[in-house]
$ cat final_31.pdb   # PDB, C-alpha atoms and all ligand atoms
ATOM      1  CA  MET A   1       0.000   0.000   0.000
ATOM      2  CA  ASN A   2       1.415   3.332  -0.959
ATOM      3  CA  GLU A   3       0.069   6.207   1.061
ATOM      4  CA  ASN A   4       2.560   8.643  -0.430
ATOM      5  CA  LYS A   5       0.640  11.023  -2.569
ATOM      6  CA  PRO A   6       2.134  12.230  -5.821
ATOM      7  CA  SER A   7       4.691  14.965  -5.670
ATOM      8  CA  VAL A   8       3.339  16.276  -8.932
ATOM      9  CA  THR A   9      -0.059  17.836  -9.349
ATOM     10  CA  GLY A  10      -2.808  15.613 -10.700
ATOM     11  CA  ALA A  11      -2.443  15.490 -14.415
ATOM     12  CA  THR A  12      -5.452  15.729 -16.638
ATOM     13  CA  THR A  13      -3.291  16.604 -19.622
ATOM     14  CA  GLU A  14      -0.176  14.939 -20.958
ATOM     15  CA  PRO A  15       3.031  16.448 -19.532
ATOM     16  CA  GLU A  16       5.531  17.795 -22.019
ATOM     17  CA  LEU A  17       7.771  14.962 -23.065
ATOM     18  CA  ILE A  18      11.562  15.001 -22.945
ATOM     19  CA  ARG A  19      13.515  13.581 -25.863
ATOM     20  CA  VAL A  20      16.399  11.505 -24.577
ATOM     21  CA  ARG A  21      19.185   9.560 -26.231
ATOM     22  CA  ILE A  22      20.345   6.155 -25.046
ATOM     23  CA  ALA A  23      23.910   6.895 -23.968
ATOM     24  CA  ARG A  24      24.564   3.390 -22.720
ATOM     25  CA  ALA A  25      22.736   0.059 -22.979
ATOM     26  CA  ARG A  26      24.017  -3.075 -21.346
ATOM     27  CA  PRO A  27      22.874  -6.369 -19.834
ATOM     28  CA  GLU A  28      22.458  -6.130 -16.066
ATOM     29  CA  ALA A  29      21.387  -9.715 -15.394
ATOM     30  CA  LEU A  30      19.565 -12.554 -17.107
ATOM     31  CA  ASP A  31      16.564 -10.912 -18.816
ATOM     32  CA  VAL A  32      17.431  -7.455 -17.475
ATOM     33  CA  ARG A  33      18.848  -4.684 -19.636
ATOM     34  CA  GLY A  34      20.026  -1.340 -18.271
ATOM     35  CA  PHE A  35      19.856   1.994 -20.052
ATOM     36  CA  ASP A  36      21.442   5.367 -19.324
ATOM     37  CA  LEU A  37      19.344   8.146 -20.844
ATOM     38  CA  VAL A  38      20.648  11.682 -21.513
ATOM     39  CA  GLN A  39      19.094  14.825 -22.965
ATOM     40  CA  GLU A  40      19.176  14.520 -26.743
ATOM     41  CA  ARG A  41      20.531  18.054 -27.016
ATOM     42  CA  GLY A  42      22.781  17.876 -23.959
ATOM     43  CA  GLY A  43      22.361  19.549 -20.581
ATOM     44  CA  SER A  44      20.805  18.384 -17.366
ATOM     45  CA  LEU A  45      17.515  16.600 -16.849
ATOM     46  CA  PRO A  46      14.787  17.411 -14.298
ATOM     47  CA  GLY A  47      15.848  16.489 -10.757
ATOM     48  CA  PHE A  48      14.389  13.539  -8.888
ATOM     49  CA  LYS A  49      14.328  11.927  -5.480
ATOM     50  CA  ALA A  50      14.494   8.248  -4.587
ATOM     51  CA  GLY A  51      11.351   6.352  -5.544
ATOM     52  CA  ALA A  52      10.724   8.382  -8.703
ATOM     53  CA  HIS A  53       9.914   6.807 -12.044
ATOM     54  CA  VAL A  54       9.653   7.939 -15.635
ATOM     55  CA  ASP A  55       7.027   6.971 -18.178
ATOM     56  CA  VAL A  56       8.805   5.841 -21.340
ATOM     57  CA  HIS A  57       6.839   6.263 -24.569
ATOM     58  CA  ILE A  58       7.722   3.390 -26.854
ATOM     59  CA  THR A  59       6.793   3.073 -30.513
ATOM     60  CA  LEU A  60       6.554  -0.620 -31.346
ATOM     61  CA  PRO A  61       7.572  -2.035 -34.734
ATOM     62  CA  ASP A  62       3.874  -2.139 -35.737
ATOM     63  CA  ARG A  63       3.692   1.633 -34.946
ATOM     64  CA  ARG A  64       1.581   1.118 -31.810
ATOM     65  CA  ARG A  65       2.669   3.488 -29.078
ATOM     66  CA  VAL A  66       2.783   2.158 -25.541
ATOM     67  CA  VAL A  67       3.805   3.798 -22.290
ATOM     68  CA  ARG A  68       5.778   1.906 -19.644
ATOM     69  CA  SER A  69       6.835   3.119 -16.208
ATOM     70  CA  TYR A  70      10.383   2.470 -15.005
ATOM     71  CA  SER A  71      11.877   3.472 -11.668
ATOM     72  CA  LEU A  72      15.007   5.599 -11.733
ATOM     73  CA  CYS A  73      17.771   3.564 -10.126
ATOM     74  CA  GLY A  74      20.712   5.959 -10.290
ATOM     75  CA  PRO A  75      21.746   8.266  -7.443
ATOM     76  CA  PRO A  76      19.017  10.892  -6.907
ATOM     77  CA  SER A  77      20.050  14.394  -7.896
ATOM     78  CA  ASP A  78      18.619  17.886  -8.310
ATOM     79  CA  GLN A  79      20.422  18.218 -11.608
ATOM     80  CA  PRO A  80      21.121  14.803 -13.110
ATOM     81  CA  TYR A  81      22.889  14.494 -16.436
ATOM     82  CA  SER A  82      21.475  11.033 -17.001
ATOM     83  CA  TYR A  83      18.671   8.772 -15.859
ATOM     84  CA  ARG A  84      19.372   5.111 -15.286
ATOM     85  CA  ILE A  85      16.612   2.528 -15.731
ATOM     86  CA  ALA A  86      16.652  -1.279 -15.823
ATOM     87  CA  VAL A  87      14.088  -3.198 -17.835
ATOM     88  CA  LEU A  88      12.961  -6.764 -17.231
ATOM     89  CA  TYR A  89      12.142  -8.717 -20.400
ATOM     90  CA  GLU A  90       8.497  -9.684 -20.065
ATOM     91  CA  GLU A  91       7.807 -12.586 -22.325
ATOM     92  CA  HIS A  92       4.046 -12.354 -21.971
ATOM     93  CA  GLY A  93       3.875  -8.559 -21.960
ATOM     94  CA  THR A  94       2.489  -6.382 -24.728
ATOM     95  CA  GLY A  95       5.829  -5.805 -26.419
ATOM     96  CA  GLY A  96       7.232  -2.729 -24.656
ATOM     97  CA  SER A  97      10.011  -4.487 -22.766
ATOM     98  CA  ARG A  98      10.783  -6.741 -25.738
ATOM     99  CA  HIS A  99      11.271  -3.699 -27.949
ATOM    100  CA  LEU A 100      13.548  -2.052 -25.387
ATOM    101  CA  HIS A 101      15.595  -5.257 -25.189
ATOM    102  CA  GLU A 102      15.739  -6.129 -28.859
ATOM    103  CA  GLY A 103      15.077  -2.940 -30.780
ATOM    104  CA  MET A 104      16.851  -0.212 -28.822
ATOM    105  CA  ARG A 105      20.565   0.470 -29.084
ATOM    106  CA  GLU A 106      22.972   3.148 -27.908
ATOM    107  CA  GLY A 107      22.343   6.363 -29.807
ATOM    108  CA  TYR A 108      18.619   5.716 -30.341
ATOM    109  CA  VAL A 109      16.195   8.336 -29.054
ATOM    110  CA  LEU A 110      13.098   7.933 -26.903
ATOM    111  CA  ASP A 111      10.449  10.196 -25.443
ATOM    112  CA  ILE A 112       9.934  10.156 -21.696
ATOM    113  CA  ALA A 113       7.722  12.101 -19.312
ATOM    114  CA  PRO A 114       9.424  14.026 -16.487
ATOM    115  CA  PRO A 115       9.879  11.990 -13.280
ATOM    116  CA  LYS A 116       6.948  11.453 -10.940
ATOM    117  CA  ASN A 117       7.179  10.082  -7.461
ATOM    118  CA  TYR A 118       4.514   8.124  -5.584
ATOM    119  CA  PHE A 119       7.078   6.209  -3.540
ATOM    120  CA  GLU A 120       9.072   8.844  -1.677
ATOM    121  CA  LEU A 121      11.029   8.113   1.465
ATOM    122  CA  LYS A 122       9.719   9.561   4.694
ATOM    123  CA  SER A 123      12.072  12.350   5.639
ATOM    124  CA  ASP A 124      11.414  11.850   9.361
ATOM    125  CA  ALA A 125      12.098   8.082   9.384
ATOM    126  CA  THR A 126      14.674   7.014  11.933
ATOM    127  CA  HIS A 127      15.142   3.453  10.646
ATOM    128  CA  THR A 128      14.298   2.263   7.135
ATOM    129  CA  VAL A 129      14.008  -1.367   6.044
ATOM    130  CA  LEU A 130      14.315  -1.768   2.265
ATOM    131  CA  VAL A 131      13.033  -5.013   0.710
ATOM    132  CA  ALA A 132      13.502  -5.816  -2.983
ATOM    133  CA  GLY A 133      12.650  -8.808  -5.124
ATOM    134  CA  GLY A 134      14.061  -9.142  -8.649
ATOM    135  CA  ILE A 135      13.608  -6.027 -10.778
ATOM    136  CA  GLY A 136      12.011  -4.368  -7.733
ATOM    137  CA  ILE A 137      15.562  -3.422  -6.792
ATOM    138  CA  THR A 138      15.397  -0.341  -9.038
ATOM    139  CA  PRO A 139      13.621   2.158  -6.739
ATOM    140  CA  ILE A 140      15.128   0.458  -3.689
ATOM    141  CA  LEU A 141      18.652   1.082  -5.003
ATOM    142  CA  ALA A 142      17.887   4.791  -5.444
ATOM    143  CA  MET A 143      16.584   4.790  -1.851
ATOM    144  CA  ALA A 144      19.833   3.232  -0.642
ATOM    145  CA  TYR A 145      21.835   5.955  -2.416
ATOM    146  CA  GLU A 146      19.667   8.658  -0.843
ATOM    147  CA  LEU A 147      19.690   7.213   2.670
ATOM    148  CA  ALA A 148      23.457   6.610   2.556
ATOM    149  CA  GLU A 149      24.023  10.154   1.314
ATOM    150  CA  GLN A 150      21.961  11.439   4.246
ATOM    151  CA  ASP A 151      23.775   9.114   6.646
ATOM    152  CA  LYS A 152      20.472   7.612   7.780
ATOM    153  CA  LEU A 153      19.986   4.248   9.469
ATOM    154  CA  PHE A 154      18.799   1.671   6.962
ATOM    155  CA  GLU A 155      19.160  -1.928   5.861
ATOM    156  CA  LEU A 156      18.545  -3.470   2.463
ATOM    157  CA  HIS A 157      17.336  -7.018   1.759
ATOM    158  CA  TYR A 158      17.453  -8.166  -1.854
ATOM    159  CA  VAL A 159      16.203 -11.514  -3.157
ATOM    160  CA  ALA A 160      16.573 -12.936  -6.669
ATOM    161  CA  ARG A 161      16.109 -16.342  -8.210
ATOM    162  CA  THR A 162      19.846 -16.912  -8.732
ATOM    163  CA  ALA A 163      23.013 -14.806  -8.806
ATOM    164  CA  ASP A 164      22.652 -14.580 -12.589
ATOM    165  CA  HIS A 165      19.180 -13.075 -12.172
ATOM    166  CA  MET A 166      20.374 -10.463  -9.682
ATOM    167  CA  ALA A 167      20.648  -7.074 -11.412
ATOM    168  CA  LEU A 168      22.695  -4.140 -10.111
ATOM    169  CA  ARG A 169      24.367  -6.103  -7.318
ATOM    170  CA  LYS A 170      27.611  -4.137  -7.585
ATOM    171  CA  GLU A 171      25.694  -0.840  -7.323
ATOM    172  CA  VAL A 172      23.750  -2.146  -4.315
ATOM    173  CA  GLU A 173      26.998  -3.093  -2.606
ATOM    174  CA  GLU A 174      28.434   0.338  -3.361
ATOM    175  CA  ALA A 175      25.346   2.151  -2.089
ATOM    176  CA  ALA A 176      24.533   0.025   0.952
ATOM    177  CA  GLY A 177      27.822  -1.660   1.854
ATOM    178  CA  LYS A 178      27.444  -3.929   4.877
ATOM    179  CA  ARG A 179      23.821  -2.877   5.245
ATOM    180  CA  ALA A 180      22.914  -5.053   2.224
ATOM    181  CA  ARG A 181      21.873  -8.694   2.497
ATOM    182  CA  PHE A 182      21.444 -10.892  -0.572
ATOM    183  CA  TYR A 183      19.191 -13.944  -0.858
ATOM    184  CA  PHE A 184      18.630 -16.521  -3.616
ATOM    185  CA  ASP A 185      15.412 -18.507  -3.610
ATOM    186  CA  GLY A 186      15.789 -20.614  -6.778
ATOM    187  CA  GLY A 187      12.269 -19.567  -7.766
ATOM    188  CA  ASN A 188      10.650 -20.708  -4.510
ATOM    189  CA  PRO A 189       9.856 -17.752  -2.213
ATOM    190  CA  ALA A 190       9.886 -20.110   0.779
ATOM    191  CA  ASN A 191      13.663 -20.456   0.266
ATOM    192  CA  GLY A 192      14.265 -16.699   0.162
ATOM    193  CA  MET A 193      14.404 -14.225   3.003
ATOM    194  CA  ASP A 194      12.802 -14.844   6.372
ATOM    195  CA  LEU A 195      10.441 -11.888   6.469
ATOM    196  CA  GLY A 196       9.932 -12.148  10.206
ATOM    197  CA  VAL A 197      13.670 -11.655  10.745
ATOM    198  CA  VAL A 198      13.927  -8.972   8.058
ATOM    199  CA  LEU A 199      11.064  -6.926   9.487
ATOM    200  CA  GLY A 200      11.944  -7.357  13.149
ATOM    201  CA  SER A 201       9.797  -5.400  15.549
ATOM    202  CA  PRO A 202       7.996  -2.171  14.700
ATOM    203  CA  ALA A 203       9.220   1.002  16.335
ATOM    204  CA  GLU A 204       8.434   4.687  16.254
ATOM    205  CA  GLY A 205       9.976   6.131  13.083
ATOM    206  CA  LYS A 206      10.665   2.715  11.524
ATOM    207  CA  HIS A 207       9.439   2.377   7.925
ATOM    208  CA  VAL A 208       9.421  -0.511   5.466
ATOM    209  CA  TYR A 209       9.657  -0.081   1.685
ATOM    210  CA  VAL A 210       9.072  -3.073  -0.552
ATOM    211  CA  CYS A 211       9.166  -3.441  -4.320
ATOM    212  CA  GLY A 212       9.114  -6.573  -6.443
ATOM    213  CA  PRO A 213       6.699  -9.345  -7.382
ATOM    214  CA  LYS A 214       3.135  -9.010  -6.102
ATOM    215  CA  GLY A 215       3.595 -12.058  -3.868
ATOM    216  CA  LEU A 216       6.591 -10.507  -2.097
ATOM    217  CA  ILE A 217       4.793  -7.196  -1.639
ATOM    218  CA  GLU A 218       1.690  -8.867  -0.215
ATOM    219  CA  ALA A 219       3.680 -11.190   2.041
ATOM    220  CA  THR A 220       5.804  -8.319   3.371
ATOM    221  CA  ARG A 221       2.788  -6.180   3.977
ATOM    222  CA  GLU A 222       0.760  -8.910   5.695
ATOM    223  CA  ARG A 223       3.682  -9.969   7.840
ATOM    224  CA  ALA A 224       4.482  -6.384   8.832
ATOM    225  CA  LEU A 225       0.893  -5.632   9.840
ATOM    226  CA  ALA A 226       0.739  -8.915  11.766
ATOM    227  CA  ARG A 227       3.876  -7.867  13.656
ATOM    228  CA  GLY A 228       2.252  -4.610  14.660
ATOM    229  CA  TYR A 229       3.511  -2.141  12.063
ATOM    230  CA  GLY A 230       1.037   0.623  11.293
ATOM    231  CA  GLU A 231      -0.467   0.751   7.835
ATOM    232  CA  GLY A 232       1.316   4.036   7.167
ATOM    233  CA  ALA A 233       4.720   2.500   7.953
ATOM    234  CA  VAL A 234       4.663  -0.002   5.087
ATOM    235  CA  HIS A 235       5.142   1.362   1.584
ATOM    236  CA  SER A 236       5.099  -0.383  -1.765
ATOM    237  CA  GLU A 237       4.801   0.251  -5.449
ATOM    238  CA  ILE A 238       3.909  -1.970  -8.370
ATOM    239  CA  PHE A 239       3.425  -0.757 -11.930
ATOM    240  CA  THR A 240       0.899  -3.396 -12.909
ATOM    241  CA  PRO A 241      -2.746  -2.375 -12.730
ATOM    242  CA  PRO A 242      -4.990  -5.043 -11.200
ATOM    243  CA  ALA A 243      -6.449  -7.411 -13.803
ATOM    244  CA  PRO A 244     -10.227  -7.370 -14.341
ATOM    245  CA  LEU A 245     -12.091 -10.128 -12.508
ATOM    246  CA  PRO A 246     -14.273 -12.651 -14.348
ATOM    247  CA  GLY A 247     -17.422 -11.398 -12.572
ATOM    248  CA  ASP A 248     -16.910  -7.752 -13.549
ATOM    249  CA  GLY A 249     -20.044  -6.551 -15.322
ATOM    250  CA  PRO A 250     -21.450  -3.212 -16.437
ATOM    251  CA  ILE A 251     -22.360  -0.675 -13.741
ATOM    252  CA  THR A 252     -23.907   2.769 -13.591
ATOM    253  CA  VAL A 253     -22.104   5.716 -12.030
ATOM    254  CA  ILE A 254     -23.838   8.967 -11.203
ATOM    255  CA  ALA A 255     -21.599  12.035 -10.973
ATOM    256  CA  ARG A 256     -23.886  14.025  -8.704
ATOM    257  CA  ARG A 257     -22.330  17.502  -8.890
ATOM    258  CA  SER A 258     -21.987  17.256 -12.654
ATOM    259  CA  GLY A 259     -25.543  15.909 -12.968
ATOM    260  CA  ILE A 260     -24.367  13.182 -15.353
ATOM    261  CA  THR A 261     -25.299   9.499 -15.296
ATOM    262  CA  VAL A 262     -22.596   7.355 -16.841
ATOM    263  CA  PRO A 263     -23.026   3.737 -17.942
ATOM    264  CA  VAL A 264     -19.724   1.918 -17.406
ATOM    265  CA  ALA A 265     -19.350  -1.030 -19.750
ATOM    266  CA  LYS A 266     -17.615  -4.261 -18.806
ATOM    267  CA  GLY A 267     -13.915  -3.834 -19.590
ATOM    268  CA  THR A 268     -14.011  -0.030 -19.237
ATOM    269  CA  SER A 269     -12.759   1.677 -16.102
ATOM    270  CA  ILE A 270     -15.039   4.006 -14.164
ATOM    271  CA  LEU A 271     -12.483   6.773 -14.688
ATOM    272  CA  ASP A 272     -12.375   6.349 -18.469
ATOM    273  CA  ALA A 273     -16.179   6.255 -18.647
ATOM    274  CA  LEU A 274     -16.416   9.437 -16.550
ATOM    275  CA  LEU A 275     -13.852  11.240 -18.709
ATOM    276  CA  ALA A 276     -15.553  10.119 -21.924
ATOM    277  CA  ALA A 277     -18.841  11.492 -20.578
ATOM    278  CA  GLY A 278     -17.238  14.870 -19.900
ATOM    279  CA  VAL A 279     -17.025  14.633 -16.103
ATOM    280  CA  LYS A 280     -14.090  16.654 -14.797
ATOM    281  CA  THR A 281     -11.880  14.591 -12.509
ATOM    282  CA  ASP A 282      -8.138  14.478 -11.860
ATOM    283  CA  PHE A 283      -6.103  11.415 -12.626
ATOM    284  CA  ASP A 284      -2.529  10.423 -13.224
ATOM    285  CA  CYS A 285      -1.203   6.867 -13.097
ATOM    286  CA  LYS A 286      -4.376   4.940 -14.043
ATOM    287  CA  MET A 287      -2.799   2.004 -12.185
ATOM    288  CA  GLY A 288      -4.239   2.483  -8.712
ATOM    289  CA  ILE A 289      -0.945   3.643  -7.191
ATOM    290  CA  CYS A 290      -1.022   7.438  -7.021
ATOM    291  CA  GLY A 291      -4.432   8.228  -5.499
ATOM    292  CA  THR A 292      -4.965  11.262  -7.739
ATOM    293  CA  CYS A 293      -8.312   9.996  -9.053
ATOM    294  CA  ALA A 294      -9.772   9.337  -5.580
ATOM    295  CA  ALA A 295     -13.420  10.376  -5.440
ATOM    296  CA  GLN A 296     -15.907  10.527  -2.603
ATOM    297  CA  VAL A 297     -18.590   7.840  -2.733
ATOM    298  CA  LEU A 298     -22.009   9.181  -1.722
ATOM    299  CA  GLU A 299     -24.078   6.043  -2.335
ATOM    300  CA  GLY A 300     -23.292   2.432  -3.222
ATOM    301  CA  THR A 301     -20.443   0.123  -2.251
ATOM    302  CA  PRO A 302     -17.103   0.304  -4.039
ATOM    303  CA  ASP A 303     -14.998  -2.765  -4.760
ATOM    304  CA  HIS A 304     -11.535  -1.378  -3.945
ATOM    305  CA  ARG A 305      -8.661  -2.592  -6.128
ATOM    306  CA  ASP A 306      -6.136   0.211  -5.766
ATOM    307  CA  SER A 307      -2.910   0.068  -3.791
ATOM    308  CA  SER A 308      -2.977   3.719  -2.814
ATOM    309  CA  LEU A 309      -5.730   4.419  -0.315
ATOM    310  CA  LEU A 310      -5.324   3.726   3.366
ATOM    311  CA  LYS A 311      -7.991   1.758   5.204
ATOM    312  CA  SER A 312      -9.018   4.974   6.932
ATOM    313  CA  GLU A 313      -9.488   6.713   3.571
ATOM    314  CA  ARG A 314     -11.600   3.841   2.289
ATOM    315  CA  ALA A 315     -13.613   3.892   5.505
ATOM    316  CA  ALA A 316     -14.199   7.598   4.931
ATOM    317  CA  GLY A 317     -15.768   6.761   1.557
ATOM    318  CA  LYS A 318     -12.925   7.418  -0.898
ATOM    319  CA  MET A 319     -12.380   5.239  -3.956
ATOM    320  CA  CYS A 320      -9.913   5.221  -6.842
ATOM    321  CA  THR A 321     -11.995   5.288  -9.986
ATOM    322  CA  CYS A 322      -9.184   4.182 -12.300
ATOM    323  CA  VAL A 323      -9.084   0.569 -11.115
ATOM    324  CA  SER A 324     -11.847  -0.023  -8.554
ATOM    325  CA  ARG A 325     -15.355  -1.154  -9.402
ATOM    326  CA  ALA A 326     -18.591  -1.631  -7.460
ATOM    327  CA  LEU A 327     -20.255  -4.300  -5.391
ATOM    328  CA  THR A 328     -23.607  -2.607  -6.021
ATOM    329  CA  PRO A 329     -25.219  -2.067  -9.458
ATOM    330  CA  SER A 330     -24.615   1.660  -9.188
ATOM    331  CA  LEU A 331     -22.433   4.208  -7.414
ATOM    332  CA  VAL A 332     -23.071   7.872  -6.735
ATOM    333  CA  LEU A 333     -19.889   9.933  -6.643
ATOM    334  CA  ASP A 334     -19.249  13.484  -5.486
ATOM    335  CA  LEU A 335     -17.972  14.632  -8.864
TER
HETATM  336  S1  LIG B 401      -5.043   7.717 -11.382
HETATM  337 FE1  LIG B 401      -3.559   7.026  -9.961
HETATM  338  S2  LIG B 401      -4.711   5.865  -8.534
HETATM  339 FE2  LIG B 401      -6.130   6.407 -10.061
END
$ encode --input "final_31.pdb" --output "structure tokens"
Amino acid sequence: MNENKPSVTGATTEPELIRVRIARARPEALDVRGFDLVQERGGSLPGFKAGAHVDVHITLPDRRRVVRSYSLCGPPSDQPYSYRIAVLYEEHGTGGSRHLHEGMREGYVLDIAPPKNYFELKSDATHTVLVAGGIGITPILAMAYELAEQDKLFELHYVARTADHMALRKEVEEAAGKRARFYFDGGNPANGMDLGVVLGSPAEGKHVYVCGPKGLIEATRERALARGYGEGAVHSEIFTPPAPLPGDGPITVIARRSGITVPVAKGTSILDALLAAGVKTDFDCKMGICGTCAAQVLEGTPDHRDSSLLKSERAAGKMCTCVSRALTPSLVLDL
């Protein structure tokens, strides 16, 4: 659950894109390729803090344009001259990662959106536990750089299938030194890290950040809450929107302030249906992670599927319209 709200204002229009050149492309691990991106015309790029990501706009060989989010894994900076990303080859994806692996070489140009950050470190944390699985190391590495630079107390736990699957290990060792622990599970999470030991006991000012496969995020979160961590002390981020469920059917949404009734077809998000009907509402990630689209529910029962809202926000009647649906045939929203 990511209760960090975006450090950019809710975007209802596309941000201006930055044209970058691939200055360096190299294998980082089995199925992981790293890229250093620089301004096409030279000069510095917009600054970023640990946890930030960029949306990369990729034109596929069939001319389809897709947008993929990648965490920035280089040292955070106010004036970086390059952005470093690492891309996992997703065999069953829609082609974005395959194109970056197979079709992109040094010297090629790409369009990216300026960094956004829904996964910022808490500046008042006194002890930070960083947990990464596989490609989830990317934002966690940037966090290690930032915490080390600030001389803060932290530890980093990084699990991968095998040593050959472990990307950016040298950088992790440089950033975290003896504070880093490495685990290899051979593909069976039960053989990886002992989360009870990793999490230890909760304490005032102690925060946990986890990024990686959904199973690791859920296990870390459940285990932390069971050990007494507060919901606001456990932070995660995953760039995969929740898949539709087989029982998802059409619903009706009434935007009360706008006076518009919107039929939401099966397979269409509430947010997209609202926008298509002309209802004004902020949004950004459309993945349930930023919370920008959160709307107040006046009537009906939402079926929450986001990873942004806290329990208390849900209890107060908020819902993320980009990914959540309804348990009732209709919802009335304060929009
Ligand atoms: S737009 Fe980000 S959570 Fe809905």
$ resolve_selection --input "final_31.pdb" --expression "the PyMOL selection byres (((not hetatm)) within 8 of (chain B and resi 401))" --output "ChimeraX atom specification"
/A:271,282-294,306-308,320-323
$ residues_around --input "final_31.pdb" --residues "segment 151-160 of chain A" --least-positions-apart "2" --cutoff "7 Å" --atoms "only C-alpha atoms" --output "JSON, numbers by chain"
{"A": [126, 127, 128, 129, 130, 131, 132, 133, 134, 147, 148, 149, 162, 165, 166, 179, 180, 181, 182, 183, 184, 185, 192, 193]}
$ closest_residue --input "final_31.pdb" --among "A:Thr328, A:Thr220, A:Gln150, A:Thr281" --to "His235 of chain A" --atoms "all atoms listed in the file"
A:Thr220
$ residues_around --input "final_31.pdb" --residues "segment 217-219 of chain A" --least-positions-apart "5" --cutoff "12 Å" --atoms "only C-alpha atoms" --output "list in words"
Met1, Asn2, Leu130, Val131, Ala132, Gly133, Gly134, Gly136, Pro189, Ala190, Met193, Asp194, Leu195, Gly196, Leu199, Val208, Tyr209, Val210, Cys211, Gly212, Ala224, Leu225, Ala226, Val234, His235, Ser236, Glu237, Ile238 and Ser307 of chain A
$ resolve_selection --input "final_31.pdb" --expression "the PyMOL selection byres (((chain A and resi 33-50) around 6) and not hetatm)" --output "MDAnalysis selection string"
chainID A and resid 19:28 32 51:52 76:87 142:143
$ atom_distance --input "final_31.pdb" --atom1 "atom CA of Ser324 of chain A" --atom2 "atom CA of Pro244 of chain A"
9.5 Å
